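One structure is given here, and the rest of the page talks about it.
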Amino acid sequence: MTLLQPQYKVVVKLKKGGDRGTVEWDGVSPAYVTLKDIPKSAKVQIGDSVVTSPTSSLFPGNIMVGTVDEVMDDKSSNFYTLKLKPATDFYNIEYVYVISNAQHEEQQRMEDSTHKKF
């Protein structure tokens, strides 16, 4: 599945600073995706890199996702919404990588046992 599925969300982080949020596609243009839930305390600038979060069970950490193209300040919340230019040109994909997490079941069991304690 590609990032270009409106119901698909990926946990990512700002490479500089480490603030985490979720990336999703709005279904409009494959040239941009949206990063939500970045706290306003984050020092984010145009051109900053966004990478996959190592806490994701879907992807290895620190894979380039894209760069910040626009910072939108939501006055009704304590979070920014960022417009990202994806690292992948979805108009012209030639190669893809299939990622298999051989430790997914073990990771899921550990995460589930931690959640039950709290």
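Identifiers in this document derive from the order of the structure tokens: chains are assigned A, B, ..., residues are numbered from 1 separately in each chain, and ligands are numbered from 1 in order of occurrence.
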Discussion item. Just want the 6 Å neighbourhood of Lys85 in chain A, counted on only C-alpha atoms, with same-chain residues fewer than 6 positions away dropped. Output as a ChimeraX atom specification.
Written reply: /A:32,66-67
Worksheet item: Just asking: which residues within chain A are helix (DSSP H, G or I) according to DSSP, as a list in words?
Response: His104, Glu105, Glu106, Gln107, Gln108, Arg109, Met110, Glu111, Asp112, Ser113, Thr114, His115, Lys116 and Lys117 of chain A
Fill in: Pick from A:Glu111, A:Tyr80, A:Met64, A:Leu3, whichever lies nearest to Gly21 in chain A using only C-alpha atoms
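Of A:Glu111, A:Tyr80, A:Met64, A:Leu3, the one nearest Gly21 in chain A is A:Tyr80, counting only C-alpha atoms.
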Item to complete: Fewer than 3 positions away in the same chain doesn't count, so skip those; otherwise give me all residues within 8 Å of range 96-102 of chain A, counting only C-alpha atoms, as a VMD selection string.
Response: chain A and resid 57 to 59 93 105
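Among the candidates A:Gln107, A:Gln7, A:Gln45, A:Thr114, the one nearest to Thr22 in chain A when counting only C-alpha atoms is A:Gln7.
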With a distance cut-off of 12 Å and only C-alpha atoms, select the neighbouring residues of Val50 in chain A, excluding the residue or stretch itself and same-chain residues fewer than 4 positions from it, and output the selection as an mmCIF file with C-alpha atoms, in the first residue's frame.
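Saved to result36.cif:
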```cif
data_model
loop_
_atom_site.group_PDB
_atom_site.id
_atom_site.type_symbol
_atom_site.label_atom_id
_atom_site.label_comp_id
_atom_site.auth_asym_id
_atom_site.auth_seq_id
_atom_site.Cartn_x
_atom_site.Cartn_y
_atom_site.Cartn_z
ATOM 1 C CA VAL A 10 2.012 6.779 8.967
ATOM 2 C CA VAL A 11 3.709 7.766 12.232
ATOM 3 C CA VAL A 12 6.623 10.070 11.467
ATOM 4 C CA LYS A 13 8.920 12.508 13.221
ATOM 5 C CA LEU A 14 10.731 15.710 12.441
ATOM 6 C CA LYS A 15 14.354 14.733 11.870
ATOM 7 C CA LYS A 16 15.473 17.828 13.732
ATOM 8 C CA GLY A 17 13.856 17.855 17.152
ATOM 9 C CA GLY A 18 12.119 14.477 17.013
ATOM 10 C CA ASP A 19 8.531 15.738 17.389
ATOM 11 C CA ARG A 20 6.081 13.069 16.193
ATOM 12 C CA GLY A 21 2.872 13.249 14.212
ATOM 13 C CA THR A 22 0.933 11.393 11.534
ATOM 14 C CA VAL A 23 1.176 11.788 7.784
ATOM 15 C CA VAL A 33 0.865 15.026 1.911
ATOM 16 C CA THR A 34 -0.249 16.406 5.278
ATOM 17 C CA LEU A 35 1.522 16.033 8.615
ATOM 18 C CA ILE A 38 3.053 18.589 15.518
ATOM 19 C CA VAL A 44 9.842 23.661 12.551
ATOM 20 C CA GLN A 45 10.972 25.444 9.388
ATOM 21 C CA ILE A 46 10.363 25.173 5.654
ATOM 22 C CA GLY A 61 12.873 4.238 11.652
ATOM 23 C CA ASN A 62 14.517 7.162 9.919
ATOM 24 C CA ILE A 63 13.400 6.501 6.344
ATOM 25 C CA MET A 64 12.972 9.793 4.499
ATOM 26 C CA VAL A 65 9.283 10.689 4.018
ATOM 27 C CA GLY A 66 9.525 14.265 2.765
ATOM 28 C CA THR A 67 10.336 17.902 3.496
ATOM 29 C CA VAL A 68 8.240 20.664 5.026
ATOM 30 C CA ASP A 69 6.775 22.924 2.343
ATOM 31 C CA LEU A 82 2.391 20.824 7.921
ATOM 32 C CA LYS A 83 2.233 20.460 4.163
ATOM 33 C CA LEU A 84 4.997 18.091 3.017
ATOM 34 C CA LYS A 85 6.592 17.530 -0.334
ATOM 35 C CA PRO A 86 7.063 13.741 -0.423
ATOM 36 C CA ALA A 87 10.542 12.308 -0.963
#
```
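Note that the spacing between CA of Phe79 in chain A and CA of Val28 in chain A amounts to 22.4 Å.
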Fill in: All strand (DSSP E or B) residues (DSSP, backbone) inside chain A, as a ChimeraX atom specification
/A:10-14,20-24,33-39,49-52,64-73,79-86
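Using only C-alpha atoms, the nearest neighbour of Asp48 in chain A within the list A:Val71, A:Ala31, A:Met1, A:Met110 is A:Val71.
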